[in-house]
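Working notes, structure below.
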Amino acid sequence: MDDGVGWEDSEAQTLMKCAFSLAHAIESQVNPVNDPAYHNRLHTGDALCGLTVLLKAMMQQEREIPAEWVAGLLLAVTAHDYQHPGGANTSPQELEINTVKALNTFLTLHPISSVWRERIHHIIIRSDPALVAANHDSVAGRSFAWDLDWACVLMNEADILASATDIYGPQLGEKLAIEWHLKGVPSHAVIGTPQGRLIFLKSLRFSSPGSLSLQLPQNTAQQVAALLELEKSV
């Protein structure tokens with residue numbers, strides 16, 4: 001696997017084995033009847049693709065990519081919606097805390113260090129959409145570094161990358177609307193509409209070197225401008 005990442009790192013290997021094992025467990029636990037319309041294994045796949053795209057963009061900038069952090073982030077992204085029941089938080093970090101509790105049983109089966117177990121927990125907790133702005137604020141004006149603050153930002157960006165695109169975003173918004181409707185989330189009536197997409201796009205933040213090199217802020221601004229023009233024509 002010659003991708004510029006030093007996979008001989010033993011901690012990285014342990015984290016990757018855990019990520020693969022968790023991915024297989026998620027696949028084996030799929031229940032088509034109760035699977036949330038949005039927060040399902042396909043969303044996990046989208047988020048993993050998003051993280052890979054961001055890391056690849058950073059590699060093209062000839063940045064050093066430590067294997068331990070890559071593997072840790074891949075595990076965190078795989079785990080961030082583990083056993084998600086659908087819906088949205090009714091209290092701060094409600095679903096994220098439940099994910100961490102469910103994940104703990106799984107992590108005990110793998111010899112992950114206490115340092116990385118705590119990091120994974122932290123990244124998952126900070127994936128609460130209500131904390132995204134604060135996560136970006138925490139790295140504002142700072143150079144990129146492989147630390148928890150930037151890891152949380154990468155998690156947040158990977159989480160919404162597919163939804164931020166004009167190709168997949170509108171359809172994903174409709175799936176989230178279906179999920180929220182079934183769970184009684186009040187904003188279900190808006191989230192899947194052009195108005196809801198406009199609100200979503202305006203809320204997006206991009207800070208990582210990968211997202212900036214991919215010109216995601218500019219792409220988002222173009223989508224916002226197009227939706228505003230659509231509003232004027234209606």
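Letters A, B, ... mark the chains of the structure tokens in the order given; residue numbers begin at 1 per chain; ligand numbers begin at 1, in order shown.
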Practice item. Would you list the contacts of range 184-191 of chain A as a ChimeraX atom specification, taking every protein, DNA or RNA residue within 10 Å and counting only C-alpha atoms, but skipping same-chain residues closer than 5 positions in sequence? Key: /A:87-90,170,172-179,196-200
Suppose we keep all heavy atoms; can you now write the selection as a compact mmCIF listing (two decimals), in the first residue's frame?
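Output contents, as saved in selection.txt:
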```
# COMPACT_ATOMS: atom_id res chain seq x y z
N GLY A 87 -33.38 10.70 13.58
CA GLY A 87 -33.83 11.87 14.32
C GLY A 87 -32.71 12.81 14.65
O GLY A 87 -31.62 12.76 14.05
N ALA A 88 -32.96 13.70 15.61
CA ALA A 88 -31.99 14.72 15.99
C ALA A 88 -31.95 14.84 17.51
O ALA A 88 -32.84 14.35 18.21
CB ALA A 88 -32.36 16.06 15.36
N ASN A 89 -30.93 15.49 18.01
CA ASN A 89 -30.78 15.66 19.45
C ASN A 89 -31.93 16.46 20.06
O ASN A 89 -32.35 17.48 19.50
CB ASN A 89 -29.47 16.38 19.78
CG ASN A 89 -28.26 15.48 19.61
OD1 ASN A 89 -28.37 14.26 19.70
ND2 ASN A 89 -27.10 16.07 19.38
N THR A 90 -32.41 16.01 21.19
CA THR A 90 -33.38 16.78 21.97
C THR A 90 -32.72 17.40 23.19
O THR A 90 -33.34 18.18 23.92
CB THR A 90 -34.57 15.90 22.43
OG1 THR A 90 -34.06 14.81 23.21
CG2 THR A 90 -35.31 15.35 21.22
N PRO A 170 -29.08 17.84 -2.55
CA PRO A 170 -30.55 17.95 -2.49
C PRO A 170 -31.24 16.63 -2.18
O PRO A 170 -32.18 16.59 -1.37
CB PRO A 170 -30.90 18.45 -3.90
CG PRO A 170 -29.68 19.22 -4.33
CD PRO A 170 -28.53 18.44 -3.78
N LEU A 172 -29.94 14.06 -0.54
CA LEU A 172 -29.66 13.72 0.85
C LEU A 172 -30.52 14.54 1.81
O LEU A 172 -30.95 14.05 2.86
CB LEU A 172 -28.17 13.92 1.16
CG LEU A 172 -27.23 12.91 0.48
CD1 LEU A 172 -25.78 13.33 0.64
CD2 LEU A 172 -27.45 11.51 1.03
N GLY A 173 -30.77 15.79 1.44
CA GLY A 173 -31.66 16.62 2.25
C GLY A 173 -33.07 16.04 2.30
O GLY A 173 -33.73 16.07 3.35
N GLU A 174 -33.54 15.51 1.19
CA GLU A 174 -34.86 14.88 1.15
C GLU A 174 -34.90 13.62 2.02
O GLU A 174 -35.90 13.35 2.70
CB GLU A 174 -35.22 14.53 -0.30
CG GLU A 174 -35.45 15.76 -1.18
CD GLU A 174 -35.57 15.42 -2.65
OE1 GLU A 174 -35.51 14.21 -2.98
OE2 GLU A 174 -35.70 16.35 -3.47
N LYS A 175 -33.81 12.85 2.01
CA LYS A 175 -33.75 11.66 2.86
C LYS A 175 -33.77 12.04 4.35
O LYS A 175 -34.42 11.37 5.16
CB LYS A 175 -32.50 10.84 2.54
CG LYS A 175 -32.55 10.14 1.18
CD LYS A 175 -31.31 9.30 0.96
CE LYS A 175 -31.37 8.58 -0.39
NZ LYS A 175 -32.50 7.61 -0.44
N LEU A 176 -33.07 13.12 4.68
CA LEU A 176 -33.08 13.57 6.07
C LEU A 176 -34.47 14.05 6.46
O LEU A 176 -34.92 13.82 7.59
CB LEU A 176 -32.06 14.70 6.26
CG LEU A 176 -31.85 15.19 7.70
CD1 LEU A 176 -31.41 14.04 8.60
CD2 LEU A 176 -30.82 16.31 7.73
N ALA A 177 -35.18 14.68 5.54
CA ALA A 177 -36.54 15.13 5.81
C ALA A 177 -37.46 13.95 6.11
O ALA A 177 -38.29 14.01 7.03
CB ALA A 177 -37.08 15.93 4.63
N ILE A 178 -37.29 12.88 5.36
CA ILE A 178 -38.10 11.67 5.60
C ILE A 178 -37.80 11.10 6.98
O ILE A 178 -38.72 10.76 7.74
CB ILE A 178 -37.80 10.61 4.51
CG1 ILE A 178 -38.30 11.09 3.14
CG2 ILE A 178 -38.43 9.27 4.87
CD1 ILE A 178 -37.83 10.23 1.98
N GLU A 179 -36.52 11.01 7.31
CA GLU A 179 -36.12 10.48 8.62
C GLU A 179 -36.67 11.34 9.75
O GLU A 179 -37.23 10.82 10.72
CB GLU A 179 -34.60 10.42 8.71
CG GLU A 179 -34.07 9.93 10.06
CD GLU A 179 -32.56 9.92 10.10
OE1 GLU A 179 -31.94 9.34 9.19
OE2 GLU A 179 -31.98 10.51 11.05
N GLY A 196 -34.73 25.11 2.88
CA GLY A 196 -33.93 24.38 3.86
C GLY A 196 -32.51 24.19 3.39
O GLY A 196 -31.56 24.28 4.19
N ARG A 197 -32.33 23.93 2.09
CA ARG A 197 -30.97 23.76 1.56
C ARG A 197 -30.20 25.07 1.64
O ARG A 197 -29.00 25.07 1.95
CB ARG A 197 -31.01 23.25 0.12
CG ARG A 197 -29.62 23.08 -0.46
CD ARG A 197 -29.50 21.96 -1.44
NE ARG A 197 -28.12 21.79 -1.89
CZ ARG A 197 -27.19 21.12 -1.22
NH1 ARG A 197 -27.49 20.54 -0.07
NH2 ARG A 197 -25.97 21.01 -1.68
N LEU A 198 -30.88 26.17 1.40
CA LEU A 198 -30.23 27.47 1.48
C LEU A 198 -29.74 27.73 2.92
O LEU A 198 -28.61 28.18 3.13
CB LEU A 198 -31.19 28.57 1.05
CG LEU A 198 -30.64 30.00 1.01
CD1 LEU A 198 -29.47 30.10 0.05
CD2 LEU A 198 -31.75 30.97 0.60
N ILE A 199 -30.57 27.41 3.89
CA ILE A 199 -30.19 27.58 5.30
C ILE A 199 -28.98 26.70 5.62
O ILE A 199 -28.03 27.13 6.28
CB ILE A 199 -31.36 27.23 6.22
CG1 ILE A 199 -32.50 28.24 6.04
CG2 ILE A 199 -30.92 27.18 7.68
CD1 ILE A 199 -33.79 27.85 6.73
N PHE A 200 -29.04 25.45 5.13
CA PHE A 200 -27.93 24.51 5.36
C PHE A 200 -26.63 25.03 4.75
O PHE A 200 -25.59 25.07 5.42
CB PHE A 200 -28.28 23.15 4.78
CG PHE A 200 -27.13 22.19 4.68
CD1 PHE A 200 -26.59 21.61 5.82
CD2 PHE A 200 -26.58 21.87 3.44
CE1 PHE A 200 -25.51 20.73 5.73
CE2 PHE A 200 -25.51 20.99 3.34
CZ PHE A 200 -24.97 20.42 4.50
```
Review point. If you count only C-alpha atoms, which residues fall within 12 Å of Lys56 in chain A, apart from same-chain ones fewer than 2 positions away, as a list in words?
Key: Asp3, Gly4, Val5, Cys49, Gly50, Leu51, Thr52, Val53, Leu54, Met58, Met59, Gln60, Gln61, Glu62, Arg63, Glu64, Ile65, Val70, Pro209, Gly210, Ser211, Ser213 and Leu214 of chain A
Study note, to complete from the structure: Across A:Ser208, A:Ala12, A:Thr78, A:Asn98, the smallest distance to Glu27 in chain A, with only C-alpha atoms counted, is shown by A:Thr78
Point to revise | Residues flagged helix (DSSP H, G or I) by DSSP in range 41-100 of chain A, as a count of residues only | key: 40
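Relative to CA of Ala25 in chain A, CA of Asp81 in chain A is found at 13.1 Å.
Taking only C-alpha atoms, the non-local environment of range 19-24 of chain A within 10 Å (same-chain residues fewer than 4 positions away omitted) comprises Gln13, Thr14, Leu15, Ser28, Gln29, Arg41, Thr44, Gly45, Ala71, Gly72, Leu73, Leu74, Leu75, Ala76, Val77, Thr78, Ala79, Tyr82, Leu103, Phe106, Leu107 and His110 of chain A.
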Could you take the residues named above and write them with N, CA and C atoms, as a short mmCIF file (atom, residue, chain, number, x, y, z; two decimals), in the first residue's frame?
```cif
data_model
loop_
_atom_site.label_atom_id
_atom_site.label_comp_id
_atom_site.auth_asym_id
_atom_site.auth_seq_id
_atom_site.Cartn_x
_atom_site.Cartn_y
_atom_site.Cartn_z
N GLN A 13 -2.00 0.37 12.86
CA GLN A 13 -2.51 -0.93 12.45
C GLN A 13 -3.65 -1.38 13.35
N THR A 14 -3.51 -1.16 14.65
CA THR A 14 -4.57 -1.55 15.60
C THR A 14 -5.84 -0.75 15.33
N LEU A 15 -5.69 0.54 15.11
CA LEU A 15 -6.85 1.40 14.83
C LEU A 15 -7.54 1.00 13.53
N SER A 28 -23.30 -6.10 9.07
CA SER A 28 -24.01 -7.30 9.51
C SER A 28 -25.25 -6.98 10.33
N GLN A 29 -25.32 -5.76 10.88
CA GLN A 29 -26.43 -5.37 11.73
C GLN A 29 -27.53 -4.62 10.99
N ARG A 41 -25.85 3.23 7.03
CA ARG A 41 -24.48 2.85 6.66
C ARG A 41 -24.03 3.56 5.39
N THR A 44 -22.49 6.69 6.47
CA THR A 44 -21.15 6.40 6.98
C THR A 44 -20.17 6.27 5.82
N GLY A 45 -20.60 5.60 4.76
CA GLY A 45 -19.76 5.47 3.56
C GLY A 45 -19.48 6.82 2.93
N ALA A 71 -5.58 6.67 10.59
CA ALA A 71 -6.31 5.50 11.06
C ALA A 71 -7.30 5.87 12.16
N GLY A 72 -6.89 6.76 13.06
CA GLY A 72 -7.79 7.19 14.12
C GLY A 72 -9.00 7.92 13.58
N LEU A 73 -8.79 8.77 12.58
CA LEU A 73 -9.91 9.49 11.98
C LEU A 73 -10.83 8.55 11.19
N LEU A 74 -10.25 7.59 10.50
CA LEU A 74 -11.07 6.61 9.77
C LEU A 74 -11.95 5.82 10.76
N LEU A 75 -11.39 5.48 11.90
CA LEU A 75 -12.18 4.79 12.92
C LEU A 75 -13.26 5.71 13.48
N ALA A 76 -12.91 6.96 13.76
CA ALA A 76 -13.88 7.90 14.32
C ALA A 76 -15.04 8.15 13.36
N VAL A 77 -14.73 8.29 12.07
CA VAL A 77 -15.78 8.52 11.07
C VAL A 77 -16.66 7.28 10.93
N THR A 78 -16.04 6.11 10.93
CA THR A 78 -16.82 4.87 10.85
C THR A 78 -17.76 4.75 12.04
N ALA A 79 -17.30 5.23 13.19
CA ALA A 79 -18.05 5.05 14.44
C ALA A 79 -19.01 6.18 14.77
N TYR A 82 -22.65 5.28 14.97
CA TYR A 82 -22.88 3.87 15.28
C TYR A 82 -24.20 3.69 16.04
N LEU A 103 -20.47 2.22 21.52
CA LEU A 103 -19.17 1.91 20.94
C LEU A 103 -18.20 1.33 21.96
N PHE A 106 -17.76 -2.31 21.95
CA PHE A 106 -17.02 -2.79 20.78
C PHE A 106 -15.53 -2.53 20.93
N LEU A 107 -15.17 -1.35 21.43
CA LEU A 107 -13.75 -0.99 21.52
C LEU A 107 -12.99 -1.86 22.52
N HIS A 110 -10.76 -4.62 21.23
CA HIS A 110 -9.55 -4.30 20.48
C HIS A 110 -8.54 -3.59 21.40
#
```
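Among A:Val153, A:Leu109, A:Leu201, A:Leu148, the residue with the shortest atom-to-atom distance to Gly169 in chain A, counting only C-alpha atoms, is A:Leu201.
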Exercise for review: Give me the residues within 9 Å of range 155-157 of chain A as a PyMOL selection string, counting only C-alpha atoms and dropping any in the same chain fewer than 3 places off.
Suggested key: chain A and resi 47+50-51+54+73+76-77+80+123-124+126-129+132+135+150-152+160-161+204-208+211
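For the pair CA of Leu228 in chain A and CA of Gly192 in chain A, the separation is 16.2 Å.
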Check your understanding: By how many Å are CA of Thr99 in chain A and CA of Ser10 in chain A apart?
Key -> 26.1 Å
Check your understanding: For Ile112 in chain A, which residue among A:Val224, A:Pro32, A:Glu68, A:His181 is the nearest when counting only C-alpha atoms?
Key -> A:Glu68
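Each of A:Gln195, A:Asn34, A:Ser114, A:Thr165 was compared to Asn219 in chain A using only C-alpha atoms, and A:Thr165 turns out to be the nearest.
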Check your understanding: Which of these, A:Arg117, A:Lys183, A:Lys202, A:His43, has the shortest distance to Ala133 in chain A once you count only C-alpha atoms?
Key -> A:Lys202
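Minimum atom-to-atom distances from A:Pro111, A:Pro66, A:Pro217, A:Pro36 to Ala164 in chain A were compared using only C-alpha atoms, and the lowest value belongs to A:Pro217.
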